[in-house]
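Student: Can you keep this structure in mind? I'll have questions shortly.
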Amino acid sequence: MPTFADTFQAATGNPPFPFQQALAHAPTLPDLLTVPTGCGKTATVALGWLWRRRFAPAPLVQATPRRLVYTLPVRTLVSQTMAEVQRWLDKLGLTDVGLHALLGGAVDQRWEGHPERDTILVGTQDQLLSRALLRGYGMSRFRWPVHFGLLHNDAWWVFDETQLMGPALSTSTQLEGLRRAMGVGVPCRSTWMSATNAPGRLQTVDLRAHPLDTLQLEDADRAHPVLAARLHAQKALLTLPAGADLAGEALDRHADGTRTLVVVNRVARAIEVFQAIEKRLKKAGRALPVRLVHSRFRPGDRGVQQDDALSRDFHGIVVATQAIEAGVDISSRTLLTDLAPWSSLVQRFGRCNRKGEFEPGQATVLVVDLPDKDAAPYTVEALAHARAMLATLSDVGPATLSALPQQDERPALPVLRRKDLLELFDTEPDLSGRHIDVARYLRDTDDRDVQLAWRALGEEPPPPDSPALHRDELCRVGIGPARKLLKEARAWRWDGHLGAWQVVQRQFGELRIVPGDNLLLDVSVGGYDATLGFTGDPKHRPTPVLRPGPPPDADDQDPLTTRFGSFLTLAQHSQDVAEAVRNLLLALPGEHPEQTLNQAARCHDLGKAHPAFQAMLTAGLPPDAPQHQGGPWAKSDGRRGPRNAQGTRRYLRHELASALVWLQHGGDDLTAYLVAAHHGKVRIRLRSRPDERPPADRPDQRPVLGICTGDVVPAVDLGDGVQYPDTTLCTDVMELGAAQGSWSDRTLRLLEEHGPFRLAWWETLVRIADWRASAMRAPDLAEAP
C-alpha cells in the first residue's frame, strides 16, 4: 500500500509538510487545525482523509468516517475546492470516490442513496448545516430526515475559515456536543480550522466539557523551505482615507503581467467599482481584463466570471466581495480592500504574495478606511478594532501577524440547545403551513438569503406540471433586497401540502418569506443581469434558464409508486426491500437493530393493500385491464386516473395504514415508526389536512391522512411466507390521551430513548433500501438514487 507521502506527492506533485503527515497518521482526528493561510489546509484534510480511508492500516480506516463533509462559509470557495479535489482524485485514479457540491442554486443530491460509499461533500454552511438541523435549504422537506441521518452518522465535519461562520460556528460546536451526549448510530467527528482559530468561540454549553486537541505548526514545519518562504513573505501596508477612489487606485497601481485584487464589503459596491473600472478603460481605449466575483449570480453566469478570475494565469483586475477572502487559492501583487473586521482582513491579506513569489518591496496591501455610516454588514466596533490594529503595522505578512496577541472571544449567539434540536426533529409544518426558521443558527440576522428564479409566466400562475426549480436557474439574494424588488410584484412558492404553486402573501405590506425559500418570478420583474448578477434593478431582465424535469414533490404524491413504469406486486416489492436492507447492513459499520430494520423493510408497504390505494393505482386503466383483478400492487405504470376517481381518497398515506396494521397485530413502536416514516411524510405528529372529507358511507368519521376507523386492509402476502390477515383499522392511536398512548406519545418516547441521530439513521436506512429496491426493477426511475 502507498504511504501518505507517496499519495500526497502523486496528487499534488509536492511532498507533504510535517503537520500534514501528523494528521494523516493521528490515531484520532484533531478537533482544531490552526495554521497560517497558504499552508494547504484543504490538501491536508482531503488527502489525509483519502489516504486514511483507502490506504492506511485497518485501525486508521476504522477511525475515519466514510463521509468527509467539507463546510465553507461562502459559496465562491466551493467551486475551487471541488476542482482541486477532483484533480487529486483523477491523479490518484480514485474514480469510485463520490464528490458532490452543495451550495445555494447548485445542490447535487446524488450522494444521498449511497451511505456505504466513500464520499466527499463540499458545501456552504447554509446548505450543510440547514440539513444538519432538519431544515435543508432548497430541497424537498420530505427528504430532510435522510440528509439529517447521513450527516450525523459516519461523517467527518470539517469547518474551514471558522472566523467567518458567525452563529453557524456555535451551531456546529453544539451539534458535536449533542452527538457526544445523545449518541449516534455510527461515529461522527468535527474539526474546526482557520489561521485565526479562537478556542473561546468553541466553548458552547454542550461542548465545553470536552477537552479539544489542536494540530498546529511545529518547529519542523517552520524550518521547511517552502513553508518558510510563505511564512516570511513581505506585504507592505498602506492605508487610504475614506472616500478614496478605488477604481482609480486599482488602475494606477496595477502592474502588467500580475493580478490586482479589489475586495469590498457589499455586492452593490463591488458592482459600482467594477462598472467604474470598465468605464475608465473604455474611455482611455485601454485593454485590460476585469472580472466581477460575488455570491449573487446564477451558477452558469458565475462560472463565466469566476473560473477566469481564479485561474492561475489570469493577469488583470478582479473586483470581489468577502466571497473571495478565505480559502480561495489565488495570489495578487496588489491588494486593495475595504476596512473590515480584523479576522476578515487577515484572510484578505492571505490573497497577496501568498507563496512569497514577489521580491521584498513589490507586494502591497492598501486598506481603504470607511466612515461609520458605511460599516454594514459589520459593526462600528469591529471596524474600530481593526483600524487600531492597522495603525501599529507597516507590514502584514504571516510572520508579522503571528506575533500579534490573539483576542479572547466568546461563542456567537444564538446557541442551539438540546430542546431546540428535538423540536426540529418534527418536520410537520405548523397550522399556518410554515416550519421553524433555522436561519438564526446559520447566519447573522442581516445576512439571510432566499433564492430567486425567473421564468416567462406572464400574468398566469405556473402550471401545476411545471418542472421543479433547477439549480441552474436559482440566484441567492438577501431577504431585504428581494422584498424591495418584489414590492409591487408577485412571487410564487411551491406548496407541498396543496401540490400547487401559491402566490406569496403579504403581511403589513411585506412579502411573507423566510430564509431558504425558493421563489419563482416572471422575467418582467427584472432585477438580474448576466454580467453583474443580482442588481435589484427592474430594467435588468434576465433570460430564463429552464431545465426539463418532473414537478416538485407534494404531500399526496408518491412518485416512487405512480411513476414506476409497470405494475409490480406488493409481495415482490416487499421481498426486494427486505433483501436490500440486509445487503445495506452488511456493507455498513456499527451495531444496528437488524431485526427491527428487517421487519420495517418487509412491512413498510403493506398498507398499499388498502382498497382506496389499489383503486388509485388502477384508476387510469381500461375497465377490462387484467390489473383490476390481480395484485395487490405496490407499483403502477404511471397511468394515474383523476384525483377523485371512484374508490380513491385524497391524502391517503399508505405508510400510515402499514404502521396501524403492524401495531394492531402487537408490533413494537420503533418498527411502526420506521414503517410510517419511509416517505418522510408521516413522522412525529398526525394531523388531518384542512380539506379532508370522510367516506360517503361513514360521514361521522374523521379521516387522518385518508385513513378512518373501520377501514379494512385485506389479507396480504409480503413474500417469503410473511402474511397478514384481513385487518380492520382503528385510529384511536391518532387521538391525544389514547389508552395505549397516542402516536405523538409513542414517537416522542422513541426520540427520548434513542436520540434524534440514531432514530434518523435507522429511518434513512429503510428509505434507502426502498429506493434501491425500486431502482432495481425500474433503473430509469428518477426518484431512486
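We label chains A, B, ... in the order they appear in the C-alpha cells, count residues from 1 in each chain, and number ligands from 1 in the order shown.
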For the contact check between stretch 583-662 of chain A and stretch 688-692 of chain A, emit one row per residue of stretch 583-662 of chain A within 12 Å, containing the shortest atom pair and the distance in Å rounded to one decimal, counting only C-alpha atoms, chain then rising number order, as a Markdown table.
Tutor:
| residue | atom | partner | partner_atom | distance |
| --- | --- | --- | --- | --- |
| A:Arg649 | CA | A:Glu692 | CA | 8.9 |
| A:Arg650 | CA | A:Glu692 | CA | 7.3 |
| A:Tyr651 | CA | A:Glu692 | CA | 7.5 |
| A:Leu652 | CA | A:Glu692 | CA | 9.7 |
| A:Arg653 | CA | A:Ser688 | CA | 11.2 |
Student: Keeping only N, CA and C atoms, take the residues you just selected and write them out as a PDB file, in the first residue's frame.
Tutor:
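What follows is the written file again_3.pdb:
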ATOM      1  N   ARG A 649     -59.143   7.989  -2.327  1.00  0.00           N
ATOM      2  CA  ARG A 649     -59.233   9.022  -1.289  1.00  0.00           C
ATOM      3  C   ARG A 649     -58.033   9.946  -1.403  1.00  0.00           C
ATOM      4  N   ARG A 650     -58.297  11.228  -1.397  1.00  0.00           N
ATOM      5  CA  ARG A 650     -57.209  12.178  -1.421  1.00  0.00           C
ATOM      6  C   ARG A 650     -56.476  12.156  -0.084  1.00  0.00           C
ATOM      7  N   TYR A 651     -55.171  12.360  -0.136  1.00  0.00           N
ATOM      8  CA  TYR A 651     -54.288  12.420   1.031  1.00  0.00           C
ATOM      9  C   TYR A 651     -54.033  11.054   1.670  1.00  0.00           C
ATOM     10  N   LEU A 652     -54.518   9.983   1.062  1.00  0.00           N
ATOM     11  CA  LEU A 652     -54.297   8.668   1.654  1.00  0.00           C
ATOM     12  C   LEU A 652     -52.805   8.366   1.720  1.00  0.00           C
ATOM     13  N   ARG A 653     -52.295   8.128   2.926  1.00  0.00           N
ATOM     14  CA  ARG A 653     -50.903   7.755   3.131  1.00  0.00           C
ATOM     15  C   ARG A 653     -50.858   6.267   3.493  1.00  0.00           C
TER      16      ARG A 653
END
Student: Might you pull out every residue within 12 Å of A:Gly40, with only C-alpha atoms counted and same-chain residues fewer than 4 positions away left off, and present them as a compact mmCIF listing (two decimals) with all heavy atoms, in the first residue's frame?
Tutor:
# COMPACT_ATOMS: atom_id res chain seq x y z
N PHE A 8 0.32 11.83 -1.26
CA PHE A 8 0.32 13.29 -1.35
C PHE A 8 1.15 13.75 -2.55
O PHE A 8 0.74 14.64 -3.30
CB PHE A 8 0.88 13.88 -0.04
CG PHE A 8 0.58 15.33 0.15
CD1 PHE A 8 -0.50 15.73 0.92
CD2 PHE A 8 1.38 16.32 -0.41
CE1 PHE A 8 -0.78 17.08 1.12
CE2 PHE A 8 1.11 17.66 -0.23
CZ PHE A 8 0.03 18.04 0.54
N THR A 12 -0.37 15.98 -5.64
CA THR A 12 -0.04 17.41 -5.71
C THR A 12 1.26 17.71 -6.43
O THR A 12 1.50 18.86 -6.82
CB THR A 12 0.05 18.01 -4.30
OG1 THR A 12 1.17 17.44 -3.61
CG2 THR A 12 -1.23 17.74 -3.50
N ASN A 14 4.05 17.53 -4.86
CA ASN A 14 4.93 18.02 -3.79
C ASN A 14 4.87 17.06 -2.61
O ASN A 14 3.84 16.43 -2.35
CB ASN A 14 4.49 19.41 -3.33
CG ASN A 14 4.55 20.43 -4.45
OD1 ASN A 14 5.58 20.63 -5.07
ND2 ASN A 14 3.40 21.06 -4.73
N PRO A 15 5.96 16.98 -1.83
CA PRO A 15 5.91 16.18 -0.61
C PRO A 15 5.09 16.89 0.46
O PRO A 15 4.97 18.12 0.45
CB PRO A 15 7.37 16.07 -0.21
CG PRO A 15 8.02 17.28 -0.79
CD PRO A 15 7.30 17.58 -2.07
N PRO A 16 4.50 16.16 1.39
CA PRO A 16 3.69 16.80 2.44
C PRO A 16 4.58 17.48 3.48
O PRO A 16 5.73 17.10 3.70
CB PRO A 16 2.93 15.63 3.07
CG PRO A 16 3.81 14.44 2.83
CD PRO A 16 4.48 14.69 1.52
N PHE A 17 4.00 18.48 4.13
CA PHE A 17 4.67 19.12 5.27
C PHE A 17 4.51 18.22 6.50
O PHE A 17 3.62 17.36 6.55
CB PHE A 17 4.05 20.49 5.56
CG PHE A 17 4.15 21.46 4.40
CD1 PHE A 17 3.04 22.18 3.98
CD2 PHE A 17 5.35 21.64 3.73
CE1 PHE A 17 3.12 23.07 2.93
CE2 PHE A 17 5.45 22.53 2.67
CZ PHE A 17 4.32 23.25 2.26
N PRO A 18 5.33 18.42 7.52
CA PRO A 18 5.23 17.57 8.71
C PRO A 18 3.85 17.59 9.36
O PRO A 18 3.36 16.54 9.81
CB PRO A 18 6.31 18.15 9.63
CG PRO A 18 7.34 18.69 8.69
CD PRO A 18 6.56 19.26 7.54
N PHE A 19 3.20 18.74 9.45
CA PHE A 19 1.89 18.78 10.11
C PHE A 19 0.85 18.00 9.30
O PHE A 19 -0.11 17.44 9.86
CB PHE A 19 1.43 20.22 10.36
CG PHE A 19 0.79 20.92 9.20
CD1 PHE A 19 -0.58 20.87 8.98
CD2 PHE A 19 1.57 21.65 8.31
CE1 PHE A 19 -1.16 21.52 7.91
CE2 PHE A 19 1.00 22.31 7.23
CZ PHE A 19 -0.37 22.25 7.03
N GLN A 20 1.03 17.93 7.97
CA GLN A 20 0.12 17.14 7.14
C GLN A 20 0.32 15.65 7.39
O GLN A 20 -0.64 14.88 7.43
CB GLN A 20 0.33 17.51 5.67
CG GLN A 20 -0.07 18.95 5.36
CD GLN A 20 0.35 19.42 3.98
OE1 GLN A 20 1.41 19.04 3.47
NE2 GLN A 20 -0.48 20.25 3.36
N LEU A 33 -7.48 22.59 13.79
CA LEU A 33 -6.32 22.68 12.91
C LEU A 33 -6.04 24.17 12.72
O LEU A 33 -6.83 24.87 12.08
CB LEU A 33 -6.60 21.99 11.57
CG LEU A 33 -5.50 22.10 10.50
CD1 LEU A 33 -4.19 21.51 11.01
CD2 LEU A 33 -5.93 21.41 9.21
N THR A 34 -4.95 24.65 13.31
CA THR A 34 -4.64 26.07 13.30
C THR A 34 -3.30 26.29 12.60
O THR A 34 -2.23 26.04 13.18
CB THR A 34 -4.59 26.63 14.74
OG1 THR A 34 -5.82 26.33 15.40
CG2 THR A 34 -4.38 28.14 14.73
N VAL A 35 -3.36 26.74 11.34
CA VAL A 35 -2.15 27.02 10.56
C VAL A 35 -2.38 28.28 9.74
O VAL A 35 -3.52 28.60 9.40
CB VAL A 35 -1.78 25.85 9.63
CG1 VAL A 35 -1.41 24.61 10.42
CG2 VAL A 35 -2.92 25.53 8.66
N PRO A 36 -1.32 29.03 9.40
CA PRO A 36 -1.48 30.27 8.63
C PRO A 36 -2.06 30.02 7.24
O PRO A 36 -2.01 28.90 6.71
CB PRO A 36 -0.05 30.82 8.55
CG PRO A 36 0.69 30.16 9.66
CD PRO A 36 0.08 28.81 9.81
N THR A 44 -4.43 19.10 3.19
CA THR A 44 -4.19 18.37 4.44
C THR A 44 -5.38 17.49 4.78
O THR A 44 -5.24 16.30 5.07
CB THR A 44 -3.94 19.35 5.60
OG1 THR A 44 -2.84 20.20 5.27
CG2 THR A 44 -3.65 18.62 6.89
N VAL A 45 -6.56 18.08 4.72
CA VAL A 45 -7.77 17.36 5.10
C VAL A 45 -8.19 16.36 4.02
O VAL A 45 -8.42 15.18 4.31
CB VAL A 45 -8.91 18.38 5.37
CG1 VAL A 45 -10.26 17.68 5.41
CG2 VAL A 45 -8.66 19.10 6.68
N ALA A 46 -8.31 16.83 2.78
CA ALA A 46 -8.83 15.96 1.72
C ALA A 46 -7.92 14.76 1.46
O ALA A 46 -8.38 13.61 1.39
CB ALA A 46 -9.04 16.77 0.44
N LEU A 47 -6.63 15.02 1.32
CA LEU A 47 -5.71 13.91 1.03
C LEU A 47 -5.44 13.07 2.27
O LEU A 47 -5.23 11.85 2.17
CB LEU A 47 -4.41 14.46 0.45
CG LEU A 47 -4.58 15.11 -0.93
CD1 LEU A 47 -3.29 15.77 -1.40
CD2 LEU A 47 -5.04 14.07 -1.95
N GLY A 48 -5.47 13.70 3.45
CA GLY A 48 -5.36 12.92 4.68
C GLY A 48 -6.53 11.95 4.81
O GLY A 48 -6.35 10.77 5.15
N THR A 81 -12.68 24.52 -4.45
CA THR A 81 -12.37 23.33 -3.65
C THR A 81 -12.76 22.06 -4.41
O THR A 81 -12.01 21.07 -4.43
CB THR A 81 -13.09 23.39 -2.30
OG1 THR A 81 -12.71 24.59 -1.62
CG2 THR A 81 -12.74 22.19 -1.44
N GLU A 84 -10.15 21.38 -7.13
CA GLU A 84 -8.90 20.85 -6.59
C GLU A 84 -9.04 19.38 -6.19
O GLU A 84 -8.20 18.55 -6.53
CB GLU A 84 -8.48 21.67 -5.36
CG GLU A 84 -7.83 23.00 -5.69
CD GLU A 84 -7.28 23.67 -4.44
OE1 GLU A 84 -7.98 23.65 -3.41
OE2 GLU A 84 -6.17 24.20 -4.52
N ASP A 160 -14.08 25.05 7.60
CA ASP A 160 -12.94 25.86 7.16
C ASP A 160 -13.27 27.34 7.35
O ASP A 160 -14.41 27.76 7.18
CB ASP A 160 -12.65 25.57 5.67
CG ASP A 160 -11.26 26.03 5.27
OD1 ASP A 160 -10.53 26.57 6.12
OD2 ASP A 160 -10.90 25.85 4.10
N MET A 193 -11.03 24.57 11.49
CA MET A 193 -9.70 25.02 11.08
C MET A 193 -9.73 26.45 10.55
O MET A 193 -10.69 26.90 9.93
CB MET A 193 -9.10 24.07 10.04
CG MET A 193 -9.84 23.89 8.76
SD MET A 193 -9.00 22.60 7.77
CE MET A 193 -9.75 22.88 6.17
N SER A 194 -8.64 27.16 10.86
CA SER A 194 -8.51 28.56 10.48
C SER A 194 -7.10 29.03 10.81
O SER A 194 -6.40 28.41 11.62
CB SER A 194 -9.53 29.42 11.23
OG SER A 194 -9.31 30.79 10.99
N ALA A 195 -6.70 30.11 10.17
CA ALA A 195 -5.44 30.75 10.56
C ALA A 195 -5.61 31.53 11.85
O ALA A 195 -4.63 31.87 12.52
CB ALA A 195 -4.97 31.68 9.44
N LEU A 217 1.39 24.18 13.58
CA LEU A 217 2.76 24.09 13.07
C LEU A 217 3.75 23.86 14.21
O LEU A 217 3.64 24.47 15.27
CB LEU A 217 3.14 25.36 12.32
CG LEU A 217 2.32 25.73 11.08
CD1 LEU A 217 2.97 26.92 10.37
CD2 LEU A 217 2.18 24.55 10.13
N VAL A 226 9.83 25.52 1.83
CA VAL A 226 8.64 26.05 1.14
C VAL A 226 7.76 26.81 2.12
O VAL A 226 7.30 27.93 1.84
CB VAL A 226 7.85 24.90 0.47
CG1 VAL A 226 6.55 25.43 -0.14
CG2 VAL A 226 8.70 24.22 -0.60
N LEU A 227 7.50 26.22 3.30
CA LEU A 227 6.69 26.91 4.29
C LEU A 227 7.38 28.17 4.80
O LEU A 227 6.74 29.19 5.04
CB LEU A 227 6.40 25.98 5.47
CG LEU A 227 5.12 25.15 5.39
CD1 LEU A 227 4.94 24.35 6.67
CD2 LEU A 227 3.91 26.03 5.15
N ARG A 230 6.68 31.08 2.59
CA ARG A 230 5.33 31.60 2.75
C ARG A 230 5.18 32.36 4.08
O ARG A 230 4.55 33.41 4.13
CB ARG A 230 4.32 30.44 2.70
CG ARG A 230 4.33 29.71 1.36
CD ARG A 230 3.35 28.56 1.33
NE ARG A 230 3.44 27.81 0.08
CZ ARG A 230 2.67 26.80 -0.25
NH1 ARG A 230 1.73 26.40 0.59
NH2 ARG A 230 2.83 26.19 -1.41
N GLY A 327 -9.91 30.91 1.82
CA GLY A 327 -9.89 29.61 1.20
C GLY A 327 -9.55 29.60 -0.28
O GLY A 327 -9.12 28.59 -0.81
N VAL A 328 -9.76 30.72 -0.98
CA VAL A 328 -9.50 30.76 -2.41
C VAL A 328 -7.99 30.83 -2.64
O VAL A 328 -7.32 31.72 -2.15
CB VAL A 328 -10.20 31.98 -3.05
CG1 VAL A 328 -9.87 32.06 -4.53
CG2 VAL A 328 -11.70 31.89 -2.85
N ASP A 329 -7.49 29.88 -3.40
CA ASP A 329 -6.04 29.78 -3.60
C ASP A 329 -5.61 30.65 -4.77
O ASP A 329 -5.26 30.15 -5.85
CB ASP A 329 -5.65 28.32 -3.83
CG ASP A 329 -4.13 28.14 -3.88
OD1 ASP A 329 -3.41 29.04 -3.41
OD2 ASP A 329 -3.68 27.10 -4.40
N ARG A 354 0.96 35.32 -1.77
CA ARG A 354 0.54 34.17 -0.97
C ARG A 354 1.68 33.18 -0.73
O ARG A 354 1.80 32.62 0.36
CB ARG A 354 -0.62 33.48 -1.68
CG ARG A 354 -1.27 32.35 -0.92
CD ARG A 354 -2.56 31.95 -1.64
NE ARG A 354 -3.22 30.80 -1.06
CZ ARG A 354 -4.02 30.84 0.01
NH1 ARG A 354 -4.20 31.99 0.63
NH2 ARG A 354 -4.60 29.76 0.46
N LYS A 355 2.52 32.96 -1.73
CA LYS A 355 3.59 31.97 -1.61
C LYS A 355 4.98 32.60 -1.55
O LYS A 355 5.98 31.92 -1.71
CB LYS A 355 3.50 30.99 -2.78
CG LYS A 355 2.21 30.19 -2.79
CD LYS A 355 2.15 29.20 -3.94
CE LYS A 355 0.84 28.41 -3.90
NZ LYS A 355 0.75 27.45 -5.02
Student: Write out as number ranges by chain which residues come within 12 Å of A:His147 when counting only C-alpha atoms, dropping same-chain ones fewer than 5 positions away.
Tutor: A: 69, 102, 109-115, 121, 127-137, 139-142, 152-153, 155, 680, 757, 760-761, 763-765, 767-768
Student: Check the smallest atom-to-atom distance from each of A:Pro398, A:Ala244, A:Gly138, A:Gly200 to A:Leu231 using only C-alpha atoms, then report the winner.
Tutor: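 Checking each candidate against A:Leu231, we get A:Pro398 as the closest.
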Student: Might you pull out every residue within 12 Å of A:Leu238, with only C-alpha atoms counted and same-chain residues fewer than 6 positions away left off, and present them as a PyMOL selection string?
Tutor: chain A and resi 334-337+339+363-369+390-396
Student: Convert the current residue selection to file output with N, CA, C and O atoms, as an mmCIF file, in the first residue's frame.
Tutor:
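Listed below is the output, result.cif:
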data_model
loop_
_atom_site.group_PDB
_atom_site.id
_atom_site.type_symbol
_atom_site.label_atom_id
_atom_site.label_comp_id
_atom_site.auth_asym_id
_atom_site.auth_seq_id
_atom_site.Cartn_x
_atom_site.Cartn_y
_atom_site.Cartn_z
ATOM 1 N N THR A 334 -0.908 43.273 -5.943
ATOM 2 C CA THR A 334 -1.516 44.439 -5.305
ATOM 3 C C THR A 334 -2.905 44.070 -4.811
ATOM 4 O O THR A 334 -3.715 43.531 -5.576
ATOM 5 N N LEU A 335 -3.152 44.319 -3.533
ATOM 6 C CA LEU A 335 -4.450 44.045 -2.924
ATOM 7 C C LEU A 335 -5.011 45.343 -2.363
ATOM 8 O O LEU A 335 -4.361 46.008 -1.548
ATOM 9 N N LEU A 336 -6.212 45.714 -2.799
ATOM 10 C CA LEU A 336 -6.929 46.855 -2.237
ATOM 11 C C LEU A 336 -8.172 46.324 -1.546
ATOM 12 O O LEU A 336 -8.911 45.523 -2.126
ATOM 13 N N THR A 337 -8.406 46.741 -0.332
ATOM 14 C CA THR A 337 -9.542 46.209 0.419
ATOM 15 C C THR A 337 -10.214 47.282 1.255
ATOM 16 O O THR A 337 -9.548 48.177 1.798
ATOM 17 N N LEU A 339 -11.889 48.495 4.682
ATOM 18 C CA LEU A 339 -11.711 48.154 6.086
ATOM 19 C C LEU A 339 -12.765 47.124 6.480
ATOM 20 O O LEU A 339 -13.938 47.223 6.092
ATOM 21 N N ALA A 363 5.159 43.560 -3.326
ATOM 22 C CA ALA A 363 3.772 43.281 -2.954
ATOM 23 C C ALA A 363 3.252 44.346 -1.990
ATOM 24 O O ALA A 363 3.929 44.710 -1.012
ATOM 25 N N THR A 364 2.042 44.843 -2.267
ATOM 26 C CA THR A 364 1.479 45.931 -1.475
ATOM 27 C C THR A 364 0.026 45.646 -1.133
ATOM 28 O O THR A 364 -0.746 45.177 -1.970
ATOM 29 N N VAL A 365 -0.347 45.945 0.112
ATOM 30 C CA VAL A 365 -1.733 45.879 0.569
ATOM 31 C C VAL A 365 -2.186 47.282 0.918
ATOM 32 O O VAL A 365 -1.509 47.983 1.678
ATOM 33 N N LEU A 366 -3.314 47.708 0.365
ATOM 34 C CA LEU A 366 -3.869 49.031 0.650
ATOM 35 C C LEU A 366 -5.247 48.849 1.273
ATOM 36 O O LEU A 366 -6.119 48.182 0.695
ATOM 37 N N VAL A 367 -5.442 49.408 2.450
ATOM 38 C CA VAL A 367 -6.718 49.303 3.165
ATOM 39 C C VAL A 367 -7.404 50.659 3.123
ATOM 40 O O VAL A 367 -6.838 51.671 3.560
ATOM 41 N N VAL A 368 -8.634 50.683 2.592
ATOM 42 C CA VAL A 368 -9.408 51.915 2.469
ATOM 43 C C VAL A 368 -10.304 52.055 3.692
ATOM 44 O O VAL A 368 -11.122 51.165 3.982
ATOM 45 N N ASP A 369 -10.168 53.153 4.412
ATOM 46 C CA ASP A 369 -10.994 53.391 5.591
ATOM 47 C C ASP A 369 -12.448 53.617 5.181
ATOM 48 O O ASP A 369 -12.735 54.000 4.033
ATOM 49 N N LEU A 390 -4.340 48.127 12.610
ATOM 50 C CA LEU A 390 -3.591 48.556 11.425
ATOM 51 C C LEU A 390 -2.645 49.717 11.741
ATOM 52 O O LEU A 390 -1.569 49.839 11.143
ATOM 53 N N ALA A 391 -3.047 50.552 12.683
ATOM 54 C CA ALA A 391 -2.247 51.742 12.994
ATOM 55 C C ALA A 391 -0.868 51.383 13.543
ATOM 56 O O ALA A 391 0.056 52.213 13.521
ATOM 57 N N THR A 392 -0.715 50.166 14.016
ATOM 58 C CA THR A 392 0.577 49.760 14.609
ATOM 59 C C THR A 392 1.469 49.019 13.623
ATOM 60 O O THR A 392 2.583 48.629 13.978
ATOM 61 N N LEU A 393 1.009 48.819 12.382
ATOM 62 C CA LEU A 393 1.714 47.944 11.443
ATOM 63 C C LEU A 393 2.169 48.679 10.183
ATOM 64 O O LEU A 393 1.530 49.633 9.752
ATOM 65 N N SER A 394 3.250 48.170 9.606
ATOM 66 C CA SER A 394 3.693 48.630 8.283
ATOM 67 C C SER A 394 3.821 47.452 7.323
ATOM 68 O O SER A 394 4.061 47.633 6.133
ATOM 69 N N ASP A 395 3.658 46.243 7.853
ATOM 70 C CA ASP A 395 3.722 45.029 7.049
ATOM 71 C C ASP A 395 2.665 44.056 7.588
ATOM 72 O O ASP A 395 2.413 44.017 8.800
ATOM 73 N N VAL A 396 2.056 43.284 6.688
ATOM 74 C CA VAL A 396 1.014 42.349 7.121
ATOM 75 C C VAL A 396 1.319 40.934 6.611
ATOM 76 O O VAL A 396 0.422 40.170 6.279
#
Student: Could you go through stretch 226-419 of chain A and tell me which residues DSSP, when run on the backbone, assigns to strand (DSSP E), listing them as JSON, numbers by chain?
Tutor: {"A": [236, 237, 238, 239, 240, 259, 260, 261, 262, 263, 290, 291, 292, 293, 316, 317, 318, 319, 320, 334, 335, 336, 337, 338, 364, 365, 366, 367, 368]}
Student: Those selected residues, please, written with C-alpha atoms and delivered as a PDB file, in the first residue's frame.
Tutor:
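Printed below is out_0.pdb as written:
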ATOM      1  CA  ALA A 236       3.841  46.325   2.683  1.00  0.00           C
ATOM      2  CA  LEU A 237       0.816  48.023   4.249  1.00  0.00           C
ATOM      3  CA  LEU A 238      -0.608  51.377   3.163  1.00  0.00           C
ATOM      4  CA  THR A 239      -3.851  52.966   4.331  1.00  0.00           C
ATOM      5  CA  LEU A 240      -6.128  55.182   2.263  1.00  0.00           C
ATOM      6  CA  ARG A 259      -3.234  40.171 -10.757  1.00  0.00           C
ATOM      7  CA  THR A 260      -4.674  43.112  -8.829  1.00  0.00           C
ATOM      8  CA  LEU A 261      -7.375  42.199  -6.350  1.00  0.00           C
ATOM      9  CA  VAL A 262     -10.027  44.629  -5.073  1.00  0.00           C
ATOM     10  CA  VAL A 263     -12.127  43.318  -2.145  1.00  0.00           C
ATOM     11  CA  VAL A 290     -11.596  42.881 -15.436  1.00  0.00           C
ATOM     12  CA  ARG A 291     -13.748  40.310 -13.645  1.00  0.00           C
ATOM     13  CA  LEU A 292     -16.502  40.588 -11.043  1.00  0.00           C
ATOM     14  CA  VAL A 293     -16.847  37.883  -8.362  1.00  0.00           C
ATOM     15  CA  GLY A 316      -5.824  41.775 -14.777  1.00  0.00           C
ATOM     16  CA  ILE A 317      -8.128  43.212 -12.115  1.00  0.00           C
ATOM     17  CA  VAL A 318     -10.557  41.148 -10.035  1.00  0.00           C
ATOM     18  CA  VAL A 319     -13.267  43.018  -8.132  1.00  0.00           C
ATOM     19  CA  ALA A 320     -14.810  40.837  -5.434  1.00  0.00           C
ATOM     20  CA  THR A 334      -1.516  44.439  -5.305  1.00  0.00           C
ATOM     21  CA  LEU A 335      -4.450  44.045  -2.924  1.00  0.00           C
ATOM     22  CA  LEU A 336      -6.929  46.855  -2.237  1.00  0.00           C
ATOM     23  CA  THR A 337      -9.542  46.209   0.419  1.00  0.00           C
ATOM     24  CA  ASP A 338     -12.260  47.975   2.341  1.00  0.00           C
ATOM     25  CA  THR A 364       1.479  45.931  -1.475  1.00  0.00           C
ATOM     26  CA  VAL A 365      -1.733  45.879   0.569  1.00  0.00           C
ATOM     27  CA  LEU A 366      -3.869  49.031   0.650  1.00  0.00           C
ATOM     28  CA  VAL A 367      -6.718  49.303   3.165  1.00  0.00           C
ATOM     29  CA  VAL A 368      -9.408  51.915   2.469  1.00  0.00           C
TER      30      VAL A 368
END
Student: Output as a PyMOL selection string all residues of stretch 552-682 of chain A that backbone DSSP marks as alpha helix (DSSP H).
Tutor: chain A and resi 559-562+570-587+594-603+611-618+654-664+669-676
Student: What is the distance between atom CA of A:Arg758 and atom CA of A:Leu597, in Å to one decimal?
Tutor: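 Atom-to-atom, atom CA of A:Arg758 and atom CA of A:Leu597 are spaced 12.5 Å apart.
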Student: Find the residue from A:Gln163, A:Gln362, A:Trp662, A:Leu519 that sits nearest to A:Trp342; use only C-alpha atoms when measuring.
Tutor: A:Gln163
Student: May I have the residues within 8 Å of A:Leu718 as a list in words, using only C-alpha atoms and disregarding those fewer than 3 positions away in the same chain?
Tutor: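 In the requested form, the answer reads Leu570, Ala571, Gln572, Ser574, Gln575, Arg602, Cys603, Leu606, Gly721, Val722 and Gln723 of chain A.
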Student: Quick one: everything within 8 Å of A:Gln614, counting only C-alpha atoms, minus sequence neighbours fewer than 6 positions away in the same chain. Send it as a PyMOL selection string.
Tutor: chain A and resi 608+632-633
Student: So that I can check the surroundings of A:Asp537, please list as a PyMOL selection string every protein, DNA and RNA residue that reaches within 12 Å of it, counting only C-alpha atoms and ignoring chain neighbours fewer than 4 positions away.
Tutor: chain A and resi 268+481-482+484-486+524-529+532-533+541-542
Student: Quick one: of A:Thr171, A:Thr727, A:Thr76, A:Ser742, who's nearest to A:Arg443, counting only C-alpha atoms?
Tutor: A:Thr171
